[in-house]
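As stored in target.txt (compact mmCIF, C-alpha atoms and all ligand atoms):
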```
# COMPACT_ATOMS: atom_id res chain seq x y z
CA MET D 287 -25.22 3.18 -1.80
CA ASN D 288 -23.42 2.00 1.28
CA ALA D 289 -23.61 -1.64 2.21
CA THR D 290 -25.08 -2.37 5.57
CA THR D 291 -22.73 -5.12 6.64
CA SER D 292 -19.85 -4.54 8.96
CA THR D 293 -19.60 -0.87 8.16
CA ALA D 294 -18.07 0.43 11.37
CA PRO D 295 -14.27 0.64 11.29
CA ALA D 296 -12.85 -1.62 13.97
CA ARG D 297 -11.45 0.34 16.88
CA ALA D 298 -9.70 -2.47 18.66
CA GLY D 299 -6.61 -4.30 17.52
CA THR D 300 -3.26 -2.62 17.28
CA ALA D 301 -4.13 0.60 19.11
CA ALA D 302 -1.28 1.59 21.39
CA ALA D 303 -1.62 1.45 25.14
CA PRO D 304 -3.24 4.50 26.72
CA GLY D 305 -0.69 7.08 27.69
CA GLU D 306 1.81 5.99 25.05
CA ALA D 307 3.11 8.96 23.11
CA GLY D 308 1.08 9.64 19.98
CA SER D 309 -1.20 6.68 20.63
CA SER D 310 -4.38 8.49 19.66
CA GLN D 311 -3.13 9.87 16.36
CA PRO D 312 -3.41 7.57 13.35
CA ALA D 313 -0.47 7.49 10.94
CA LEU D 314 -2.59 8.21 7.86
CA VAL D 315 -5.99 9.86 7.69
CA VAL D 316 -7.88 10.30 4.43
CA GLN D 317 -11.15 12.23 4.51
CA GLY D 318 -13.66 13.02 1.78
CA LEU D 319 -11.03 12.53 -0.89
CA VAL D 320 -12.10 13.57 -4.39
CA SER D 321 -9.74 13.29 -7.36
CA GLY D 322 -9.66 12.40 -11.03
CA TYR D 323 -7.70 12.62 -14.23
CA THR D 324 -9.92 14.77 -16.42
CA PRO D 325 -11.79 17.87 -15.21
CA GLU D 326 -15.26 16.53 -15.89
CA VAL D 327 -14.87 13.12 -14.19
CA ASP D 328 -14.25 12.44 -10.51
CA ILE D 329 -12.78 8.96 -10.00
CA LEU D 330 -12.57 9.14 -6.21
CA ARG D 331 -15.86 10.54 -4.96
CA GLY D 332 -15.30 11.06 -1.27
CA VAL D 333 -13.03 8.33 0.09
CA GLY D 334 -12.23 8.12 3.78
CA LEU D 335 -9.89 5.76 5.58
CA GLU D 336 -7.47 5.54 8.44
CA VAL D 337 -4.28 3.60 9.00
CA ARG D 338 -3.01 3.42 12.55
CA ARG D 339 0.66 3.21 13.38
CA GLY D 340 2.01 -0.29 12.87
CA GLU D 341 -1.06 -1.53 11.04
CA ILE D 342 -1.31 -3.29 7.70
CA VAL D 343 -4.48 -2.06 6.01
CA THR D 344 -5.66 -3.43 2.69
CA VAL D 345 -7.95 -1.70 0.21
CA LEU D 346 -9.85 -4.19 -1.92
CA GLY D 347 -12.26 -3.75 -4.75
CA PRO D 348 -13.08 -4.73 -8.29
CA ASN D 349 -11.10 -3.64 -11.30
CA GLY D 350 -11.66 0.05 -12.00
CA ALA D 351 -12.88 0.80 -8.47
CA GLY D 352 -10.26 3.50 -8.05
CA LYS D 353 -7.73 1.63 -5.90
CA SER D 354 -4.67 2.74 -7.84
CA THR D 355 -6.09 6.24 -8.13
CA LEU D 356 -6.43 6.35 -4.35
CA ILE D 357 -2.80 5.39 -3.81
CA LYS D 358 -1.61 7.76 -6.54
CA THR D 359 -3.63 10.62 -5.07
CA ILE D 360 -2.15 10.04 -1.61
CA ALA D 361 1.31 9.89 -3.23
CA GLY D 362 0.79 13.27 -4.93
CA LEU D 363 0.64 11.90 -8.48
CA VAL D 364 -3.04 12.75 -9.03
CA PRO D 365 -4.18 16.16 -7.74
CA VAL D 366 -6.61 16.35 -4.83
CA ARG D 367 -9.83 18.17 -5.80
CA SER D 368 -11.20 18.20 -2.32
CA GLY D 369 -10.76 16.39 0.94
CA GLN D 370 -7.80 15.80 3.17
CA VAL D 371 -4.79 13.52 3.41
CA MET D 372 -2.83 13.71 6.67
CA LEU D 373 0.34 11.78 7.42
CA ASP D 374 1.51 11.92 11.02
CA GLY D 375 -0.71 14.94 11.61
CA GLN D 376 0.54 16.94 8.61
CA SER D 377 -1.35 17.55 5.38
CA LEU D 378 0.07 16.01 2.21
CA VAL D 379 -2.32 17.90 -0.06
CA GLY D 380 -0.44 19.90 -2.69
CA ILE D 381 2.93 18.30 -1.87
CA ALA D 382 4.75 17.20 -5.04
CA ALA D 383 5.22 13.46 -5.45
CA HIS D 384 9.03 13.69 -5.30
CA ARG D 385 8.84 15.41 -1.91
CA MET D 386 6.75 12.67 -0.31
CA VAL D 387 9.86 10.68 0.57
CA SER D 388 10.97 13.49 2.88
CA ARG D 389 7.57 13.25 4.60
CA GLY D 390 8.17 9.57 5.30
CA LEU D 391 5.94 8.19 2.57
CA ALA D 392 7.10 5.58 0.04
CA TYR D 393 5.07 4.07 -2.77
CA VAL D 394 5.58 0.98 -4.93
CA PRO D 395 3.55 1.21 -8.15
CA GLN D 396 2.03 -1.92 -9.63
CA THR D 397 4.18 -1.84 -12.76
CA ASN D 398 7.45 -0.22 -13.84
CA ASN D 399 8.58 -0.21 -10.25
CA ILE D 400 12.25 -1.09 -10.79
CA PHE D 401 15.10 0.17 -12.97
CA SER D 402 15.54 -2.98 -15.08
CA ARG D 403 18.96 -2.13 -16.53
CA MET D 404 20.46 -1.25 -13.19
CA SER D 405 21.77 -3.84 -10.78
CA ILE D 406 19.87 -4.69 -7.65
CA GLU D 407 22.42 -2.77 -5.63
CA GLU D 408 21.98 0.31 -7.83
CA ASN D 409 18.22 0.05 -7.49
CA LEU D 410 18.57 0.08 -3.72
CA GLN D 411 20.97 3.01 -3.92
CA MET D 412 18.35 4.94 -5.92
CA GLY D 413 15.92 4.40 -3.07
CA ALA D 414 18.34 6.12 -0.72
CA CYS D 415 19.21 8.99 -3.06
CA ALA D 416 17.60 11.66 -0.87
CA ARG D 417 19.58 10.55 2.17
CA HIS D 418 23.02 11.65 3.32
CA ASP D 419 23.45 9.50 6.43
CA HIS D 420 26.03 7.12 4.99
CA ALA D 421 26.24 4.92 8.06
CA GLY D 422 22.45 4.61 8.14
CA ILE D 423 22.34 3.74 4.44
CA ASP D 424 24.94 0.98 4.94
CA GLU D 425 22.87 -0.35 7.82
CA ASP D 426 19.77 -0.38 5.65
CA PHE D 427 21.57 -2.21 2.83
CA ALA D 428 22.48 -4.90 5.34
CA ARG D 429 18.91 -4.96 6.64
CA MET D 430 17.46 -5.34 3.14
CA TYR D 431 19.84 -8.16 2.27
CA GLU D 432 18.90 -9.87 5.50
CA LEU D 433 15.23 -9.49 4.70
CA PHE D 434 15.71 -10.60 1.08
CA PRO D 435 18.69 -13.00 0.96
CA ARG D 436 18.01 -13.73 -2.74
CA LEU D 437 18.78 -10.12 -3.50
CA ARG D 438 22.12 -10.29 -1.72
CA GLU D 439 23.15 -13.29 -3.85
CA ARG D 440 22.20 -11.40 -6.99
CA ARG D 441 23.10 -7.89 -6.04
CA ARG D 442 25.31 -7.26 -9.09
CA GLN D 443 22.74 -8.68 -11.50
CA ALA D 444 20.54 -6.41 -13.65
CA ALA D 445 17.16 -6.18 -11.93
CA GLY D 446 15.36 -6.81 -15.23
CA THR D 447 16.76 -10.36 -15.36
CA LEU D 448 15.03 -11.39 -12.13
CA SER D 449 11.81 -13.37 -11.76
CA GLY D 450 8.52 -11.55 -11.08
CA GLY D 451 8.62 -12.27 -7.36
CA GLU D 452 12.23 -11.16 -7.04
CA ARG D 453 11.51 -7.96 -8.91
CA GLN D 454 8.69 -7.19 -6.53
CA MET D 455 11.16 -7.65 -3.69
CA VAL D 456 13.61 -5.23 -5.33
CA ALA D 457 10.79 -2.70 -5.64
CA VAL D 458 9.85 -3.07 -1.97
CA ALA D 459 13.49 -2.98 -0.83
CA ARG D 460 14.14 0.13 -2.92
CA ALA D 461 11.13 1.86 -1.35
CA LEU D 462 12.31 0.86 2.12
CA MET D 463 15.76 2.36 1.47
CA SER D 464 14.18 5.80 1.89
CA ARG D 465 13.36 4.77 5.50
CA PRO D 466 9.66 5.50 5.23
CA THR D 467 7.24 5.46 8.13
CA MET D 468 4.44 4.59 5.71
CA LEU D 469 4.75 2.28 2.73
CA MET D 470 2.04 1.95 0.08
CA LEU D 471 1.99 -1.06 -2.25
CA ASP D 472 -0.15 -1.25 -5.37
CA GLU D 473 -1.07 -4.89 -6.06
CA PRO D 474 2.17 -6.51 -4.93
CA SER D 475 0.82 -9.95 -5.87
CA ALA D 476 -0.28 -9.10 -9.42
CA GLY D 477 1.00 -11.59 -11.99
CA LEU D 478 2.63 -13.88 -9.43
CA SER D 479 2.04 -17.61 -9.05
CA PRO D 480 0.02 -18.62 -5.96
CA LYS D 481 3.19 -19.86 -4.28
CA LEU D 482 5.00 -16.57 -4.86
CA VAL D 483 1.98 -14.62 -3.65
CA GLY D 484 2.48 -16.36 -0.31
CA VAL D 485 6.19 -15.54 -0.30
CA VAL D 486 5.61 -11.86 -1.08
CA PHE D 487 2.92 -11.45 1.58
CA ALA D 488 5.07 -13.22 4.16
CA LYS D 489 7.74 -10.61 3.41
CA VAL D 490 5.15 -7.85 3.84
CA ARG D 491 4.58 -9.13 7.37
CA GLU D 492 8.32 -9.02 8.01
CA VAL D 493 8.46 -5.44 6.74
CA ARG D 494 5.85 -4.49 9.30
CA GLY D 495 8.19 -6.02 11.87
CA LEU D 496 10.70 -3.30 10.92
CA GLY D 497 8.25 -0.71 12.23
CA VAL D 498 6.76 0.33 8.90
CA THR D 499 3.03 1.05 8.65
CA MET D 500 1.46 -0.21 5.43
CA LEU D 501 -1.40 0.54 3.08
CA ILE D 502 -1.86 -2.14 0.42
CA VAL D 503 -4.14 -2.16 -2.57
CA GLU D 504 -5.05 -5.63 -3.82
CA GLN D 505 -7.37 -7.70 -5.94
CA ASN D 506 -6.26 -10.87 -4.22
CA ALA D 507 -8.63 -10.43 -1.29
CA LYS D 508 -7.96 -13.65 0.56
CA ALA D 509 -4.18 -13.49 0.54
CA ALA D 510 -4.10 -9.80 1.41
CA LEU D 511 -6.66 -9.93 4.22
CA ALA D 512 -4.86 -12.93 5.69
CA ILE D 513 -1.86 -10.72 6.55
CA SER D 514 -3.79 -7.50 7.25
CA ASP D 515 -5.25 -6.01 10.40
CA ARG D 516 -8.12 -4.24 8.70
CA GLY D 517 -9.56 -3.78 5.26
CA TYR D 518 -11.66 -1.38 3.23
CA ILE D 519 -13.65 -2.25 0.17
CA LEU D 520 -13.74 0.39 -2.50
CA ALA D 521 -16.32 0.44 -5.26
CA GLN D 522 -17.18 3.26 -7.65
CA GLY D 523 -14.83 5.69 -6.00
CA ARG D 524 -16.15 5.30 -2.45
CA GLU D 525 -15.34 3.05 0.45
CA GLN D 526 -18.35 0.79 0.91
CA VAL D 527 -17.37 -1.47 3.75
CA SER D 528 -14.61 -1.52 6.29
CA GLY D 529 -13.70 -3.74 9.15
CA ASN D 530 -11.40 -6.13 10.82
CA ALA D 531 -9.63 -8.33 8.24
CA GLN D 532 -10.93 -11.59 9.70
CA GLU D 533 -14.50 -10.26 9.78
CA LEU D 534 -14.30 -9.23 6.16
CA LEU D 535 -12.86 -12.59 5.17
CA SER D 536 -15.61 -14.52 6.85
CA ASN D 537 -18.48 -12.29 5.80
CA PRO D 538 -20.17 -14.10 2.88
CA GLU D 539 -22.14 -11.04 1.83
CA VAL D 540 -18.96 -9.02 1.47
CA GLY D 541 -17.41 -11.80 -0.59
CA GLU D 542 -20.39 -12.03 -2.86
CA LEU D 543 -20.95 -8.33 -3.32
CA TYR D 544 -17.43 -7.05 -3.70
CA LEU D 545 -14.79 -9.70 -3.92
CA GLY D 546 -16.09 -11.86 -6.73
CA VAL D 547 -16.61 -14.84 -4.45
CA ARG D 548 -19.75 -16.86 -5.09
CA ARG D 549 -21.38 -18.75 -2.26
CA GLY D 550 -20.49 -22.41 -2.31
CA LEU D 551 -17.66 -22.00 -4.78
CA SER D 552 -14.86 -21.01 -2.50
N1 LIG X 601 -4.30 7.90 -16.33
C1 LIG X 601 -5.64 7.84 -16.39
N2 LIG X 601 -6.36 8.71 -17.13
C2 LIG X 601 -7.71 8.67 -17.17
N3 LIG X 601 -8.47 7.78 -16.50
C3 LIG X 601 -7.82 6.88 -15.74
C4 LIG X 601 -6.38 6.86 -15.63
N4 LIG X 601 -6.04 5.84 -14.80
C5 LIG X 601 -7.19 5.27 -14.40
N5 LIG X 601 -8.26 5.88 -14.96
C6 LIG X 601 -9.66 5.53 -14.73
O1 LIG X 601 -9.95 5.62 -13.36
C7 LIG X 601 -10.83 4.58 -12.95
C8 LIG X 601 -10.23 3.86 -11.77
O2 LIG X 601 -9.01 3.25 -12.19
P1 LIG X 601 -7.96 2.65 -11.16
O3 LIG X 601 -7.74 3.60 -10.06
O4 LIG X 601 -6.78 2.23 -11.96
O5 LIG X 601 -8.76 1.36 -10.64
P2 LIG X 601 -8.26 0.05 -9.91
O6 LIG X 601 -6.84 0.27 -9.52
O7 LIG X 601 -9.20 -0.13 -8.76
O8 LIG X 601 -8.42 -1.06 -10.90
C9 LIG X 601 -11.07 3.71 -14.16
O9 LIG X 601 -12.30 4.07 -14.71
C10 LIG X 601 -9.92 4.09 -15.08
O10 LIG X 601 -10.30 3.95 -16.42
MG MG X 602 -5.08 -0.69 -9.96
```

Please express what this file holds, its structure, as structure tokens.
Ligand SMILES: Nc1ncnc2c1ncn2[C@@H]1O[C@H](COP(=O)(O)OP(=O)(O)O)[C@@H](O)[C@H]1O
Ligand SMILES: [Mg+2]
Amino acid sequence: MNATTSTAPARAGTAAAPGEAGSSQPALVVQGLVSGYTPEVDILRGVGLEVRRGEIVTVLGPNGAGKSTLIKTIAGLVPVRSGQVMLDGQSLVGIAAHRMVSRGLAYVPQTNNIFSRMSIEENLQMGACARHDHAGIDEDFARMYELFPRLRERRRQAAGTLSGGERQMVAVARALMSRPTMLMLDEPSAGLSPKLVGVVFAKVREVRGLGVTMLIVEQNAKAALAISDRGYILAQGREQVSGNAQELLSNPEVGELYLGVRRGLS
């Protein structure tokens, strides 16, 4: 059953000026998406969402809602049973996961998202392995080390020896080395201390500044919405509520129903 609060996707915000090339076409469009792991069970049961160019959109929802499945389905790791996924006007349905990079899509899984025995530099190199523009790759190395100075200091160190927050940064930097137009992050704040959560999300904002559009899946509703333009709440394989991030944050009913926030306690 759909919730009645704040259900209309916000249309204002980061939309490009009229007349600007491509302004009307969202970067990512997901419609009626159905997918699952075993033939008899659909996990996603008709999900729809949109991410406009330059936006940060967060998908929230309780454990088991299907957030990771959504990201994995978009990334080609879980087959689409029905529905549509369009990136920059082209369908991604049926495209193998390893080909997504050439479509401009990069994905950072929640766990196992770095090569622990390789150095930071080698991890970043892996991210660029489908590219042949050597000058561009060098430029992107410099850009990543500027964005994450800690990684420059430690670039020869095995990635597995880093702290949780630093590892997350390696994972994001590696994904960015493919020069994606769209980056998807699965729970970038999972397992991090509150202070590090802030650091990681501040970096996410900086990544958007590089011109990357982002779809983030999170359980940490407050921290994620604070840096997002819009949000969707997923429950039982369907999007239940969507709206402007600030509206969602300040809507007590949304907090109570979907985000595990009890009135008067937070
Ligand atoms: N590899 C898998 N095989 C079978 N079922 C899975 C698999 N991964 C997740 N599921 C099931 O899909 C549902 C949604 O899981 P998931 O997408 O991981 O949720 P979330 O990321 O929102 O916590 C859960 O019921 C989970 O048990
Ligand atoms: Mg998950």

Which residues, written as a PyMOL selection string, have at least one atom at most 10 Å from Leu496 in chain D, with only C-alpha atoms counted and residues fewer than 2 positions away on the same chain left out?
chain D and resi 340+429+433+462+467+491-494+498-499

Closest contacts (chain D/ligand LIG 601 (chain X), max 9 Å, only C-alpha atoms and all ligand atoms) as CSV:
```
residue,atom,partner,partner_atom,distance
D:Gly322,CA,X:LIG601,O1,7.2
D:Tyr323,CA,X:LIG601,C2,4.9
D:Thr324,CA,X:LIG601,C2,6.5
D:Val327,CA,X:LIG601,N3,8.6
D:Asp328,CA,X:LIG601,O1,8.6
D:Ile329,CA,X:LIG601,O1,5.5
D:Leu330,CA,X:LIG601,C8,8.0
D:Leu346,CA,X:LIG601,O7,8.0
D:Gly347,CA,X:LIG601,O7,6.2
D:Pro348,CA,X:LIG601,O7,6.0
D:Asn349,CA,X:LIG601,O8,3.7
D:Gly350,CA,X:LIG601,O5,3.5
D:Ala351,CA,X:LIG601,O7,3.8
D:Gly352,CA,X:LIG601,O3,3.2
D:Lys353,CA,X:LIG601,O7,3.7
D:Ser354,CA,X:LIG601,O6,3.7
D:Thr355,CA,X:LIG601,O3,3.7
D:Leu356,CA,X:LIG601,O3,6.5
D:Ile357,CA,X:LIG601,O3,8.2
D:Lys358,CA,X:LIG601,O3,8.2
D:Val364,CA,X:LIG601,N1,8.9
D:Asp472,CA,X:LIG601,O6,8.0
D:Glu473,CA,X:LIG601,O6,8.5
D:Val503,CA,X:LIG601,O6,7.8
D:Glu504,CA,X:LIG601,O6,8.4
D:Gln505,CA,X:LIG601,O7,8.3
D:Leu520,CA,X:LIG601,O7,7.8
D:Ala521,CA,X:LIG601,O7,8.0
D:Gln522,CA,X:LIG601,C8,8.1
D:Gly523,CA,X:LIG601,C8,7.6
```

Excluding range 476-490 of chain D and residues on its chain fewer than 3 positions from it, collect all residues at most 12 Å away from it, counting only C-alpha atoms, and give them as a PDB file with C-alpha atoms, keeping the file's coordinate frame.
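Wrote it out as result-v1.pdb, contents follow:
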```
ATOM      1  CA  GLU D 341      -1.060  -1.530  11.040  1.00  0.00           C
ATOM      2  CA  ILE D 342      -1.310  -3.290   7.700  1.00  0.00           C
ATOM      3  CA  VAL D 343      -4.480  -2.060   6.010  1.00  0.00           C
ATOM      4  CA  THR D 344      -5.660  -3.430   2.690  1.00  0.00           C
ATOM      5  CA  PRO D 395       3.550   1.210  -8.150  1.00  0.00           C
ATOM      6  CA  GLN D 396       2.030  -1.920  -9.630  1.00  0.00           C
ATOM      7  CA  THR D 397       4.180  -1.840 -12.760  1.00  0.00           C
ATOM      8  CA  MET D 430      17.460  -5.340   3.140  1.00  0.00           C
ATOM      9  CA  GLU D 432      18.900  -9.870   5.500  1.00  0.00           C
ATOM     10  CA  LEU D 433      15.230  -9.490   4.700  1.00  0.00           C
ATOM     11  CA  PHE D 434      15.710 -10.600   1.080  1.00  0.00           C
ATOM     12  CA  PRO D 435      18.690 -13.000   0.960  1.00  0.00           C
ATOM     13  CA  SER D 449      11.810 -13.370 -11.760  1.00  0.00           C
ATOM     14  CA  GLY D 450       8.520 -11.550 -11.080  1.00  0.00           C
ATOM     15  CA  GLY D 451       8.620 -12.270  -7.360  1.00  0.00           C
ATOM     16  CA  GLU D 452      12.230 -11.160  -7.040  1.00  0.00           C
ATOM     17  CA  ARG D 453      11.510  -7.960  -8.910  1.00  0.00           C
ATOM     18  CA  GLN D 454       8.690  -7.190  -6.530  1.00  0.00           C
ATOM     19  CA  MET D 455      11.160  -7.650  -3.690  1.00  0.00           C
ATOM     20  CA  VAL D 456      13.610  -5.230  -5.330  1.00  0.00           C
ATOM     21  CA  ALA D 457      10.790  -2.700  -5.640  1.00  0.00           C
ATOM     22  CA  VAL D 458       9.850  -3.070  -1.970  1.00  0.00           C
ATOM     23  CA  ALA D 459      13.490  -2.980  -0.830  1.00  0.00           C
ATOM     24  CA  LEU D 462      12.310   0.860   2.120  1.00  0.00           C
ATOM     25  CA  LEU D 469       4.750   2.280   2.730  1.00  0.00           C
ATOM     26  CA  MET D 470       2.040   1.950   0.080  1.00  0.00           C
ATOM     27  CA  LEU D 471       1.990  -1.060  -2.250  1.00  0.00           C
ATOM     28  CA  ASP D 472      -0.150  -1.250  -5.370  1.00  0.00           C
ATOM     29  CA  GLU D 473      -1.070  -4.890  -6.060  1.00  0.00           C
ATOM     30  CA  VAL D 493       8.460  -5.440   6.740  1.00  0.00           C
ATOM     31  CA  ARG D 494       5.850  -4.490   9.300  1.00  0.00           C
ATOM     32  CA  GLY D 495       8.190  -6.020  11.870  1.00  0.00           C
ATOM     33  CA  LEU D 496      10.700  -3.300  10.920  1.00  0.00           C
ATOM     34  CA  GLY D 497       8.250  -0.710  12.230  1.00  0.00           C
ATOM     35  CA  VAL D 498       6.760   0.330   8.900  1.00  0.00           C
ATOM     36  CA  THR D 499       3.030   1.050   8.650  1.00  0.00           C
ATOM     37  CA  MET D 500       1.460  -0.210   5.430  1.00  0.00           C
ATOM     38  CA  LEU D 501      -1.400   0.540   3.080  1.00  0.00           C
ATOM     39  CA  ILE D 502      -1.860  -2.140   0.420  1.00  0.00           C
ATOM     40  CA  VAL D 503      -4.140  -2.160  -2.570  1.00  0.00           C
ATOM     41  CA  GLU D 504      -5.050  -5.630  -3.820  1.00  0.00           C
ATOM     42  CA  GLN D 505      -7.370  -7.700  -5.940  1.00  0.00           C
ATOM     43  CA  ASN D 506      -6.260 -10.870  -4.220  1.00  0.00           C
ATOM     44  CA  ALA D 507      -8.630 -10.430  -1.290  1.00  0.00           C
ATOM     45  CA  LYS D 508      -7.960 -13.650   0.560  1.00  0.00           C
ATOM     46  CA  ALA D 509      -4.180 -13.490   0.540  1.00  0.00           C
ATOM     47  CA  ALA D 510      -4.100  -9.800   1.410  1.00  0.00           C
ATOM     48  CA  LEU D 511      -6.660  -9.930   4.220  1.00  0.00           C
ATOM     49  CA  ALA D 512      -4.860 -12.930   5.690  1.00  0.00           C
ATOM     50  CA  ILE D 513      -1.860 -10.720   6.550  1.00  0.00           C
ATOM     51  CA  SER D 514      -3.790  -7.500   7.250  1.00  0.00           C
TER      52      SER D 514
END
```

Which residue gives the smallest distance to ligand MG 602 (chain X) among D:Val333, D:Leu373, D:Ala382, D:Val394, with all atoms listed in the file counted?
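Looking at the shortest contact to ligand MG 602 (chain X), the residue is D:Val394.
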
Nearest to Pro466 in chain D by atom-to-atom distance, counting all atoms listed in the file, from D:Ile406, D:Leu437, D:Met386, D:Leu534:
D:Met386

What does the distance from CA of Val387 in chain D to CA of Leu363 in chain D come to in Å, to one decimal?
13.0 Å

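Note that CA of Val366 in chain D and CA of Val315 in chain D are 14.1 Å apart.
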
Find the residue from D:Met372, D:Leu448, D:Leu319, D:Ala421 that sits nearest to Arg403 in chain D; use only C-alpha atoms when measuring.
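Nearest candidate to Arg403 in chain D out of D:Met372, D:Leu448, D:Leu319, D:Ala421: D:Leu448.
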
Excluding same-chain residues fewer than 6 positions from Ala461 in chain D, what lies within 7 Å of it counting only C-alpha atoms, as a ChimeraX atom specification?
/D:392-394,413

Could you tell me which of D:Leu335, D:Val379, D:Ala313, D:Val345 comes closest to ligand MG 602 (chain X) if we count all atoms listed in the file?
D:Val345

Taking only C-alpha atoms and all ligand atoms into account, name the residue in D:Gly380, D:Asp426, D:Ser475, D:Ser405 that is nearest to ligand MG 602 (chain X).
D:Ser475

d(CA of Arg385 in chain D, CA of Leu314 in chain D) in Å
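Between CA of Arg385 in chain D and CA of Leu314 in chain D the gap works out to 16.7 Å.
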
Return the single residue from D:Arg524, D:Glu439, D:Pro474, D:Phe427 that is closest to ligand MG 602 (chain X), with distances computed using all atoms listed in the file.
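Using all atoms listed in the file, ligand MG 602 (chain X) sits closest to D:Pro474.
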